[in-house]
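Participant: I'd like to ask you about the structure that follows.
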Amino acid sequence: MKEEFLARARELTGRIRAQAGKTPLQIFIRIKKGALVRFTNNGVHQNGFQDLFHYTLSLPGAKGFSSIESNDLSPEGIQTAITQLTHSAAKSFPKSPPFQKLPRVKEWFPFDLPEIPGKAARVIRKAVELIRHDRASANGYYSAYHRFFYFANAQGLERSHAATAVRFGVTATKGEGKGYLSFYHPDGKRLDVTDIVEGALQLAARAAEREVQVKPGVYECVFSPRAFLELIEPLRRHFDAQLAKDGKSVFSGLLGKKIFSSTLTISDDVTHSGQFGLPFDAGGASKKKVVLIRRGVLSGLLGEGHSTRGMAEHPFNPENLVVEPGNLSLGDLFQRIRKGIFINKIWYHTLVRESRMEVTGLATAGSLYIEKGRIQGRVVHLRYHDSLFSILASVRGATRDPLLLKDGERGAALFPHLWVSRLKVV
Amino acid sequence: MEKILARLQERMSQMDCEYADLRYVKTERLRIRTKDGHLDERKETVSRGVGFHVLQDGTFGFSATGDLSEKSLSQHLRQACEMARQFSSIRHTEVKLAQAKPVRRKWTMPIQNDPWKLSLDEKIAPHVAAEERLLRTNGIESATGLLDFTKKTVLFVSSEGSWIEQVLYRTGGWIYGETWQGREKIRRSWPGPSGIFRSQGYEAIEEMGFEKEAGRLAEELKELRKSPEATSGRFDLILKGSILALQIHETFGHASESDRVYGYEDNFGGRTFLNPGLLGGYPVASSIVNLVSDSILKSGPGAGCFAYDDEGIPAHPVEIVRKGNFNAYLTSRETAFFLNQLKPSSNMVAQDWSNFPLIRMTNTSLLPGHGSLREMIAETKDGFLLDNELSWSIDEMRLGFQIGAEAGYRIQNGKLKGLVRFPVYHGNTIDFWKACDGIAGKKEWQFWGFPDCGKGGPYQEAFTGHGLAPARFRNVSMGREA
């Protein structure tokens, strides 16, 4: 299948080049095939199989960057794309990045695409049985995709990467309690449905025991890997070196300075043995490890080799975040909490004030109140309002086993559970 | 292409299934970002393909492809059947559909000025002028803008005999200026941080008057550098424009989507406080509040307009809240049957060909009342007037919310008394809407709307429109929720 994707991408690239003549196009091809199925404890309610093939042609234009994405592979469709693109004709041509060997990222664990509906049905049947057996209600999803990415520029640089992704997530509800757990890995054989469903049911059962009214104030918190990834999302675009140089990043002027807790180390690192994602950037350059935060000190920013221009809203974004794990188990970590909250998932996490990184949002899908190391019950409709600088300056520890999370189309995140000593709950 | 689709329609009508449809969709979208009076990035997307939706053994199956060969399309029709067959033994419930009359019709949304016929320079001219105007003002360090044009051609074909061709347009944009006070960034945007999106052509951009508004933004940015922060407490609140559109969108807009009642969106979009037992008379707002879902273009060019939804149901108005009482949900053919409603509300929309349709807000509007914003301000002793949203969050049941604005105007003794920075208000959906005691009249009623309402899995975005006139809410909690 991988070879077939590569052959299709090369054949299309040849046709585009033939039609484009001397126009120095940069070509990015994305293929995605697979299915997503959504279910409740009653069974499947939505499902869809998708077969997507898109190409993006880009050029620095006469006045700015210009790109066109299309899935019309006909000669007429390609010609239209080229014509539209060259309306803002290039004066300066894209410079090819120096050739560097790509980091090896094995993300291809293929499965038979026609088998996906049957596989999904078996997974969901098992999940639903477990949920019903526990007299709980739930909702969730299962997805399995083949992906292929291909890059070629006018200077002859060619890159390609094949990936698979299997995801499964369940939000279980028992009485008034909720619990969410999820799985993502390129190798779907690693999915243990029972483990995920029972984990979600256990969280829900703990949350169902009683409701704890949490008064506004400052609390210790344990963030799940997913919640922590969502929490730091507003910081992501500020790691752009150019933005920082222009004085428009919240990190401007802070390189080399201590801004967060010395317990926190964050890298953008697709080369990490536990990471997965595209080993080259939107300009074809080889990705490399950049330590963004080293023991609380802002130590790196992103430039060439991390371009997302034309692919994402902002030109330089970390796509393979890794938070250095600690040495605690989740149980150990809970034991150390005097009065705190376990936050499993957050939503409507928005910036109130960018320069201070002041954020607000709600904890959802099962927040637990912990006192003296023991789970006391659920916290509902928990709203926080605080500065990310303040929260991240208070990181006190992390668990030793990081969890792999899907992060956008081309990347992943590898995060442990994080313990912070202060989050302002309102 | 039409011949192939006609053959597929014939095949779908003969298949051993309860129902089948296909949607051929071609989406052309052009997004142009400008910065400091220059073109920064131009991104165009062209995507076309076919999505098949089959109801077999009480279960929906969906399959989509961009490969338009007859062989590929036939294969994906079979794949949709296979998806339905595989899940029929573990289906959520037996899906049955409310009745719908087959329709054969072509409809092209009328526009005055086709964006694709204008040169790039012509398209960006208002933004260039507006950004230059902003940058002429001392202290304004950057100006940024976005223009966003969509043309969507949809051909809906069903096993029941429908053949509906539509061409839809969506146009929108925004500008903002930024100034800094120390490390504090202050931003002011027009018409809102997400712009206004409408079912129009380039005339929508012309009507937004970017250059004129840039002058006001420049003056306000200057003032905001010296303005105090908003105080906390309980105040009367007048909302207008984009922030009121968001208030409608996040509270009754999402809460009225009936798929939330059945838990279909629980793992992403959440549920709703509006349960079916409240239908037909439960008071959820003050008696002057009337909220309507209406995708008919004649009712105004909201960004959710069409002639038929993605189940082939003709657009028609539905009163979600009538005189303050909960009256109706937004439904699909599936949920209309569950709710024992004879007619689905025409709110099924898919982002494109590769996604199945979901129940969506299209144009969810607050109907006009009487009087004017000026009169409303004059009648307000101690309050704030807010326009553009900056942050927002709401709980899973769509009850507890907090919304922050870019800036606000202080109102004291019936007069505007200058700007304040970072006002935030919060409340409970029902209490908040019950505190609505004034909605301005028709003269100030117009459509606002967003391009990126997110829902579903795989994630889909949709355009939504919100017709509104400024409205007042009494005794609202301002400041951080506590």
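Residues are referred to by chain and number: the chain letter is A, B, ... according to the order shown in the structure tokens, the number counts from 1 in that chain, and ligands are numbered separately from 1 in the order shown.
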Please list as a list in words every residue within 12 Å of Met311 in chain A, counting only C-alpha atoms and excluding residues in the same chain fewer than 5 positions away.

Facilitator: Ile27, Phe28, Ile29, Arg30, Tyr55, Thr56, Leu57, Ser58, Phe65, Ser66, Ser67, Ile68, Glu69, Asp281, Ala282, Gly283, His306, Phe316, Asn317, Glu319, Gly408, Glu409 and Arg410 of chain A; Glu41, Lys43, Glu44 and Thr45 of chain B

Participant: Tell me, as a list of chain:residue names, which residues lie within 12 Å of Asn428 in chain B, counting only C-alpha atoms; anything in the same chain fewer than 4 positions away does not count.

Facilitator: A:His381, B:Gln247, B:Glu250, B:Thr251, B:Phe252, B:Phe273, B:Val284, B:Ala285, B:Ser393, B:Ile394, B:Asp395, B:Met397, B:Arg398, B:Leu399, B:Gly400, B:Phe401, B:Gln402, B:Ile403, B:Phe432, B:Trp433, B:Lys434, B:Ala435, B:Val476, B:Ser477, B:Glu481

Participant: For the residues in the current selection, export N, CA and C atoms as a compact mmCIF listing (two decimals), in the first residue's frame.

Facilitator:
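Output saved as selection.txt:
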```txt
# COMPACT_ATOMS: atom_id res chain seq x y z
N HIS A 381 -18.77 21.10 36.70
CA HIS A 381 -18.74 22.46 36.13
C HIS A 381 -17.61 23.30 36.72
N GLN B 247 -23.40 34.99 21.90
CA GLN B 247 -24.27 34.66 23.02
C GLN B 247 -25.44 33.78 22.57
N GLU B 250 -23.89 30.17 21.36
CA GLU B 250 -23.41 29.23 22.37
C GLU B 250 -24.52 28.75 23.31
N THR B 251 -25.53 29.58 23.51
CA THR B 251 -26.58 29.18 24.45
C THR B 251 -27.71 28.45 23.70
N PHE B 252 -28.68 29.17 23.16
CA PHE B 252 -29.81 28.48 22.53
C PHE B 252 -29.46 27.83 21.20
N PHE B 273 -29.41 21.33 28.01
CA PHE B 273 -30.35 21.43 29.14
C PHE B 273 -31.80 21.36 28.62
N VAL B 284 -37.90 29.84 29.14
CA VAL B 284 -36.44 29.83 29.14
C VAL B 284 -35.86 31.22 28.90
N ALA B 285 -36.74 32.19 28.71
CA ALA B 285 -36.28 33.56 28.44
C ALA B 285 -37.44 34.50 28.76
N SER B 393 -16.60 30.57 27.14
CA SER B 393 -16.67 29.17 27.54
C SER B 393 -18.05 28.91 28.14
N ILE B 394 -18.48 27.66 27.98
CA ILE B 394 -19.81 27.28 28.46
C ILE B 394 -19.79 25.80 28.81
N ASP B 395 -20.59 25.41 29.79
CA ASP B 395 -20.51 24.02 30.23
C ASP B 395 -21.20 23.05 29.26
N MET B 397 -23.80 21.29 29.38
CA MET B 397 -25.25 21.34 29.23
C MET B 397 -25.72 22.65 28.62
N ARG B 398 -24.77 23.55 28.32
CA ARG B 398 -25.07 24.86 27.72
C ARG B 398 -25.80 25.77 28.68
N LEU B 399 -25.40 25.70 29.94
CA LEU B 399 -26.05 26.55 30.95
C LEU B 399 -25.10 27.62 31.50
N GLY B 400 -24.03 27.20 32.18
CA GLY B 400 -23.12 28.16 32.80
C GLY B 400 -22.11 28.67 31.78
N PHE B 401 -22.04 30.00 31.58
CA PHE B 401 -21.13 30.53 30.57
C PHE B 401 -20.35 31.71 31.13
N GLN B 402 -19.26 32.01 30.47
CA GLN B 402 -18.49 33.23 30.74
C GLN B 402 -18.00 33.76 29.41
N ILE B 403 -18.22 35.03 29.16
CA ILE B 403 -17.80 35.63 27.89
C ILE B 403 -17.06 36.92 28.17
N PHE B 432 -30.06 34.46 32.38
CA PHE B 432 -29.57 35.56 31.57
C PHE B 432 -30.63 36.01 30.56
N TRP B 433 -31.20 35.03 29.85
CA TRP B 433 -32.20 35.40 28.84
C TRP B 433 -33.51 35.86 29.47
N LYS B 434 -33.77 35.42 30.69
CA LYS B 434 -34.98 35.93 31.38
C LYS B 434 -34.78 37.39 31.79
N ALA B 435 -33.50 37.81 31.86
CA ALA B 435 -33.21 39.19 32.25
C ALA B 435 -33.16 40.13 31.04
N VAL B 476 -26.55 41.90 35.40
CA VAL B 476 -25.67 40.79 35.00
C VAL B 476 -24.38 40.86 35.81
N SER B 477 -23.82 39.69 36.14
CA SER B 477 -22.56 39.65 36.88
C SER B 477 -21.39 39.93 35.94
N GLU B 481 -15.90 35.05 37.15
CA GLU B 481 -16.89 34.28 37.90
C GLU B 481 -16.32 33.92 39.26
```

Participant: Using only C-alpha atoms, which protein or nucleic acid residues come within 8 Å of Asn327 in chain A? Drop anything in the same chain fewer than 4 positions from it, and give the result as a PDB file with all heavy atoms, in the first residue's frame.

Facilitator:
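For reference, around24.pdb as written:
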```pdb
ATOM      1  N   ALA A 398       5.817  15.015  37.809  1.00  0.00           N
ATOM      2  CA  ALA A 398       5.198  14.356  36.662  1.00  0.00           C
ATOM      3  C   ALA A 398       5.266  12.853  36.873  1.00  0.00           C
ATOM      4  O   ALA A 398       6.143  12.353  37.587  1.00  0.00           O
ATOM      5  CB  ALA A 398       5.924  14.740  35.385  1.00  0.00           C
ATOM      6  N   THR A 399       4.371  12.147  36.238  1.00  0.00           N
ATOM      7  CA  THR A 399       4.417  10.687  36.331  1.00  0.00           C
ATOM      8  C   THR A 399       5.513  10.140  35.420  1.00  0.00           C
ATOM      9  O   THR A 399       5.993  10.820  34.522  1.00  0.00           O
ATOM     10  CB  THR A 399       3.059  10.065  35.942  1.00  0.00           C
ATOM     11  OG1 THR A 399       2.691  10.564  34.661  1.00  0.00           O
ATOM     12  CG2 THR A 399       1.996  10.411  36.955  1.00  0.00           C
ATOM     13  N   ARG A 400       5.870   8.887  35.652  1.00  0.00           N
ATOM     14  CA  ARG A 400       6.994   8.335  34.899  1.00  0.00           C
ATOM     15  C   ARG A 400       6.586   7.733  33.552  1.00  0.00           C
ATOM     16  O   ARG A 400       7.435   7.522  32.695  1.00  0.00           O
ATOM     17  CB  ARG A 400       7.736   7.297  35.732  1.00  0.00           C
ATOM     18  CG  ARG A 400       6.883   6.148  36.202  1.00  0.00           C
ATOM     19  CD  ARG A 400       7.720   5.133  36.983  1.00  0.00           C
ATOM     20  NE  ARG A 400       6.869   4.206  37.687  1.00  0.00           N
ATOM     21  CZ  ARG A 400       6.725   4.178  39.011  1.00  0.00           C
ATOM     22  NH1 ARG A 400       7.385   5.019  39.782  1.00  0.00           N
ATOM     23  NH2 ARG A 400       5.922   3.300  39.575  1.00  0.00           N
TER      24      ARG A 400
END
```

Participant: Please return, as a PDB file with N, CA, C and O atoms, in the first residue's frame, all residues of range 208-300 of chain B that DSSP assigns to strand (DSSP E or B) on the basis of the backbone.

Facilitator:
```pdb
ATOM      1  N   GLU B 229      -9.401  49.203  33.474  1.00  0.00           N
ATOM      2  CA  GLU B 229      -9.987  47.886  33.286  1.00  0.00           C
ATOM      3  C   GLU B 229     -11.416  47.891  33.815  1.00  0.00           C
ATOM      4  O   GLU B 229     -11.739  48.667  34.731  1.00  0.00           O
ATOM      5  N   GLY B 233     -18.881  43.422  39.429  1.00  0.00           N
ATOM      6  CA  GLY B 233     -20.132  43.740  40.129  1.00  0.00           C
ATOM      7  C   GLY B 233     -21.314  43.376  39.265  1.00  0.00           C
ATOM      8  O   GLY B 233     -21.170  42.647  38.281  1.00  0.00           O
ATOM      9  N   ARG B 234     -22.476  43.887  39.633  1.00  0.00           N
ATOM     10  CA  ARG B 234     -23.667  43.597  38.839  1.00  0.00           C
ATOM     11  C   ARG B 234     -24.088  44.862  38.116  1.00  0.00           C
ATOM     12  O   ARG B 234     -24.241  45.923  38.727  1.00  0.00           O
ATOM     13  N   PHE B 235     -24.250  44.727  36.816  1.00  0.00           N
ATOM     14  CA  PHE B 235     -24.556  45.883  35.978  1.00  0.00           C
ATOM     15  C   PHE B 235     -25.578  45.484  34.913  1.00  0.00           C
ATOM     16  O   PHE B 235     -25.721  44.303  34.593  1.00  0.00           O
ATOM     17  N   ASP B 236     -26.211  46.514  34.343  1.00  0.00           N
ATOM     18  CA  ASP B 236     -27.024  46.258  33.150  1.00  0.00           C
ATOM     19  C   ASP B 236     -26.066  46.172  31.963  1.00  0.00           C
ATOM     20  O   ASP B 236     -25.082  46.921  31.902  1.00  0.00           O
ATOM     21  N   LEU B 237     -26.387  45.278  31.066  1.00  0.00           N
ATOM     22  CA  LEU B 237     -25.462  44.987  29.977  1.00  0.00           C
ATOM     23  C   LEU B 237     -26.203  45.109  28.650  1.00  0.00           C
ATOM     24  O   LEU B 237     -27.262  44.508  28.477  1.00  0.00           O
ATOM     25  N   ILE B 238     -25.637  45.892  27.750  1.00  0.00           N
ATOM     26  CA  ILE B 238     -26.190  45.932  26.391  1.00  0.00           C
ATOM     27  C   ILE B 238     -25.183  45.235  25.480  1.00  0.00           C
ATOM     28  O   ILE B 238     -24.006  45.579  25.469  1.00  0.00           O
ATOM     29  N   LEU B 239     -25.655  44.242  24.756  1.00  0.00           N
ATOM     30  CA  LEU B 239     -24.804  43.520  23.808  1.00  0.00           C
ATOM     31  C   LEU B 239     -25.228  43.880  22.397  1.00  0.00           C
ATOM     32  O   LEU B 239     -26.425  43.968  22.109  1.00  0.00           O
ATOM     33  N   GLU B 257     -29.958  21.890  19.321  1.00  0.00           N
ATOM     34  CA  GLU B 257     -29.629  20.811  18.372  1.00  0.00           C
ATOM     35  C   GLU B 257     -30.066  19.473  18.979  1.00  0.00           C
ATOM     36  O   GLU B 257     -29.548  19.035  20.014  1.00  0.00           O
ATOM     37  N   TYR B 282     -42.130  25.641  28.165  1.00  0.00           N
ATOM     38  CA  TYR B 282     -41.282  25.895  29.344  1.00  0.00           C
ATOM     39  C   TYR B 282     -40.594  27.248  29.190  1.00  0.00           C
ATOM     40  O   TYR B 282     -39.944  27.518  28.173  1.00  0.00           O
ATOM     41  N   PRO B 283     -40.729  28.133  30.196  1.00  0.00           N
ATOM     42  CA  PRO B 283     -40.123  29.463  30.053  1.00  0.00           C
ATOM     43  C   PRO B 283     -38.599  29.409  30.190  1.00  0.00           C
ATOM     44  O   PRO B 283     -38.087  28.960  31.209  1.00  0.00           O
ATOM     45  N   LEU B 291     -36.639  33.430  19.262  1.00  0.00           N
ATOM     46  CA  LEU B 291     -35.470  32.952  18.520  1.00  0.00           C
ATOM     47  C   LEU B 291     -35.926  32.009  17.422  1.00  0.00           C
ATOM     48  O   LEU B 291     -36.705  31.078  17.681  1.00  0.00           O
ATOM     49  N   VAL B 292     -35.440  32.259  16.231  1.00  0.00           N
ATOM     50  CA  VAL B 292     -35.918  31.524  15.069  1.00  0.00           C
ATOM     51  C   VAL B 292     -34.743  30.932  14.291  1.00  0.00           C
ATOM     52  O   VAL B 292     -33.713  31.586  14.139  1.00  0.00           O
ATOM     53  N   SER B 293     -34.902  29.702  13.826  1.00  0.00           N
ATOM     54  CA  SER B 293     -33.952  29.122  12.878  1.00  0.00           C
ATOM     55  C   SER B 293     -34.563  29.273  11.499  1.00  0.00           C
ATOM     56  O   SER B 293     -35.685  28.803  11.264  1.00  0.00           O
TER      57      SER B 293
END
```

Participant: Given the choices A:Phe280, A:Phe111, A:Trp347, A:Phe389, which gets closest to Lys258 in chain A if the distance is worked out from only C-alpha atoms?

Facilitator: A:Phe389

Participant: Restricting the calculation to only C-alpha atoms, which member of A:Asn42, A:Ser182, A:Ser421, A:Ser249 is positioned closest to Ala393 in chain A?

Facilitator: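 Of all the options, A:Ser421 lies closest to Ala393 in chain A.
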
Participant: I want to know what sits within 8 Å of Tyr264 in chain B, based on only C-alpha atoms, with residues of the same chain fewer than 6 positions away left out; could you give that as a list of chain:residue names?

Facilitator: A:Arg38, A:Phe39, A:Thr40, A:His45, A:Asn139

Participant: Write out, as an mmCIF file, in the first residue's frame, the residues just selected, with C-alpha atoms.

Facilitator:
```
data_model
loop_
_atom_site.group_PDB
_atom_site.id
_atom_site.type_symbol
_atom_site.label_atom_id
_atom_site.label_comp_id
_atom_site.auth_asym_id
_atom_site.auth_seq_id
_atom_site.Cartn_x
_atom_site.Cartn_y
_atom_site.Cartn_z
ATOM 1 C CA ARG A 38 -19.039 6.992 16.934
ATOM 2 C CA PHE A 39 -21.057 5.088 19.479
ATOM 3 C CA THR A 40 -22.970 5.320 22.741
ATOM 4 C CA HIS A 45 -24.958 6.053 15.675
ATOM 5 C CA ASN A 139 -20.116 7.493 24.382
#
```

Participant: Within 7 Å of chain B, which residues of chain A are there when counting only C-alpha atoms? Please give them as a ChimeraX atom specification.

Facilitator: /A:36,40,42-53,63-72,117-118,121,125,139-140,171,216,348-352,355,361-362,381,426

Participant: Hey, what does DSSP flag as alpha helix (DSSP H) within range 137-268 of chain B? Can you give it to me as a PyMOL selection string?

Facilitator: chain B and resi 203-207+210-224+241-248+254-255

Participant: Quick one, how far is CA of Leu367 in chain B from CA of Glu319 in chain B?

Facilitator: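 Going from CA of Leu367 in chain B over to CA of Glu319 in chain B covers 10.1 Å.
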
Participant: Excluding Pro225 in chain A and any residue of its chain fewer than 3 positions from it, enumerate the residues within 9 Å of it, using only C-alpha atoms, and give them as a CSV table (one decimal) with C-alpha atoms, in the first residue's frame.

Facilitator:
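Contents of the output file selection_23.csv:
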```csv
chain,number,residue,atom,x,y,z
A,228,PHE,CA,-2.2,19.4,29.9
A,229,LEU,CA,-1.8,19.4,26.1
A,230,GLU,CA,-5.0,21.4,25.8
A,344,ASN,CA,-9.2,14.8,33.0
A,345,LYS,CA,-10.2,16.9,30.0
A,402,PRO,CA,4.1,9.3,29.4
A,403,LEU,CA,1.0,8.8,27.2
A,404,LEU,CA,1.0,9.2,23.4
A,405,LEU,CA,-1.6,11.6,22.1
A,413,ALA,CA,2.4,14.6,21.8
A,414,LEU,CA,4.1,12.6,24.5
A,415,PHE,CA,3.0,13.8,27.9
A,416,PRO,CA,3.0,12.4,31.5
A,417,HIS,CA,0.4,13.4,34.1
A,418,LEU,CA,1.5,16.7,35.5
```

Participant: In Å, rounded to a single decimal, give me how far CA of Ile31 in chain A is from CA of Phe148 in chain A.

Facilitator: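 Value for the CA of Phe148 in chain A-CA of Ile31 in chain A distance: 5.0 Å.
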
Participant: Skip Leu298 in chain A itself and residues of its chain fewer than 5 positions away, then list as a list of chain:residue names all residues within 8 Å of it, counting only C-alpha atoms.

Facilitator: A:Phe251, A:Leu254, A:Leu255, A:Gly256, A:Lys257, A:Lys258, A:Ile259, A:Leu292, A:Ile293

Participant: Output N, CA, C and O atoms of each residue in that selection to a file, as a short mmCIF file (atom, residue, chain, number, x, y, z; two decimals), in the first residue's frame.

Facilitator:
```cif
data_model
loop_
_atom_site.label_atom_id
_atom_site.label_comp_id
_atom_site.auth_asym_id
_atom_site.auth_seq_id
_atom_site.Cartn_x
_atom_site.Cartn_y
_atom_site.Cartn_z
N PHE A 251 7.07 35.23 24.51
CA PHE A 251 8.44 34.84 24.90
C PHE A 251 9.48 35.85 24.43
O PHE A 251 10.68 35.63 24.63
N LEU A 254 12.79 36.77 26.32
CA LEU A 254 12.91 35.88 27.48
C LEU A 254 13.82 34.68 27.23
O LEU A 254 13.96 33.83 28.11
N LEU A 255 14.42 34.60 26.04
CA LEU A 255 15.29 33.46 25.75
C LEU A 255 16.44 33.40 26.75
O LEU A 255 17.11 34.39 27.00
N GLY A 256 16.62 32.23 27.33
CA GLY A 256 17.67 32.05 28.33
C GLY A 256 17.23 32.39 29.74
O GLY A 256 17.99 32.23 30.69
N LYS A 257 15.99 32.87 29.87
CA LYS A 257 15.52 33.24 31.21
C LYS A 257 14.58 32.17 31.78
O LYS A 257 13.88 31.49 31.04
N LYS A 258 14.56 32.12 33.08
CA LYS A 258 13.69 31.14 33.74
C LYS A 258 12.27 31.68 33.78
O LYS A 258 12.01 32.75 34.36
N ILE A 259 11.36 30.97 33.14
CA ILE A 259 9.98 31.47 33.09
C ILE A 259 8.99 30.49 33.73
O ILE A 259 7.89 30.89 34.09
N LEU A 292 12.56 23.40 23.96
CA LEU A 292 11.91 24.71 24.08
C LEU A 292 12.06 25.25 25.51
O LEU A 292 12.43 26.41 25.71
N ILE A 293 11.75 24.41 26.47
CA ILE A 293 11.87 24.78 27.88
C ILE A 293 12.76 23.73 28.54
O ILE A 293 12.45 22.53 28.50
#
```

Participant: Using only C-alpha atoms for the distances, tell me which of A:Ala365, A:Leu382, A:Val323, A:Val123 is nearest to Ala172 in chain A.

Facilitator: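 Among the listed residues, the smallest separation from Ala172 in chain A belongs to A:Ala365.
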
Participant: For a quick check of understanding, using only C-alpha atoms, which of A:Thr263, A:Gln155, A:Gln202, A:Thr271 has the smallest distance to Lys178 in chain A?

Facilitator: A:Gln202

Participant: Go through A:Glu115, A:His385, A:Ile375, A:Ala120 and flag the residue nearest Gly479 in chain B, using only C-alpha atoms for the distances.

Facilitator: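 Among A:Glu115, A:His385, A:Ile375, A:Ala120, it is A:His385 that comes nearest to Gly479 in chain B.
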
Participant: Would you list the contacts of range 202-211 of chain B as an MDAnalysis selection string, taking every protein, DNA or RNA residue within 6 Å and counting only C-alpha atoms, but skipping same-chain residues closer than 6 positions in sequence?

Facilitator: chainID B and resid 113 115 129:130

Participant: How far is it from CA of His146 in chain A to CA of Ala162 in chain A, in Å with one decimal?

Facilitator: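 Separating CA of His146 in chain A from CA of Ala162 in chain A is a distance of 7.7 Å.
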
Participant: Which of these residues is nearest to Val218 in chain A, using only C-alpha atoms: A:Leu368, A:Ala9, A:Val379, A:Ile341?

Facilitator: A:Ile341
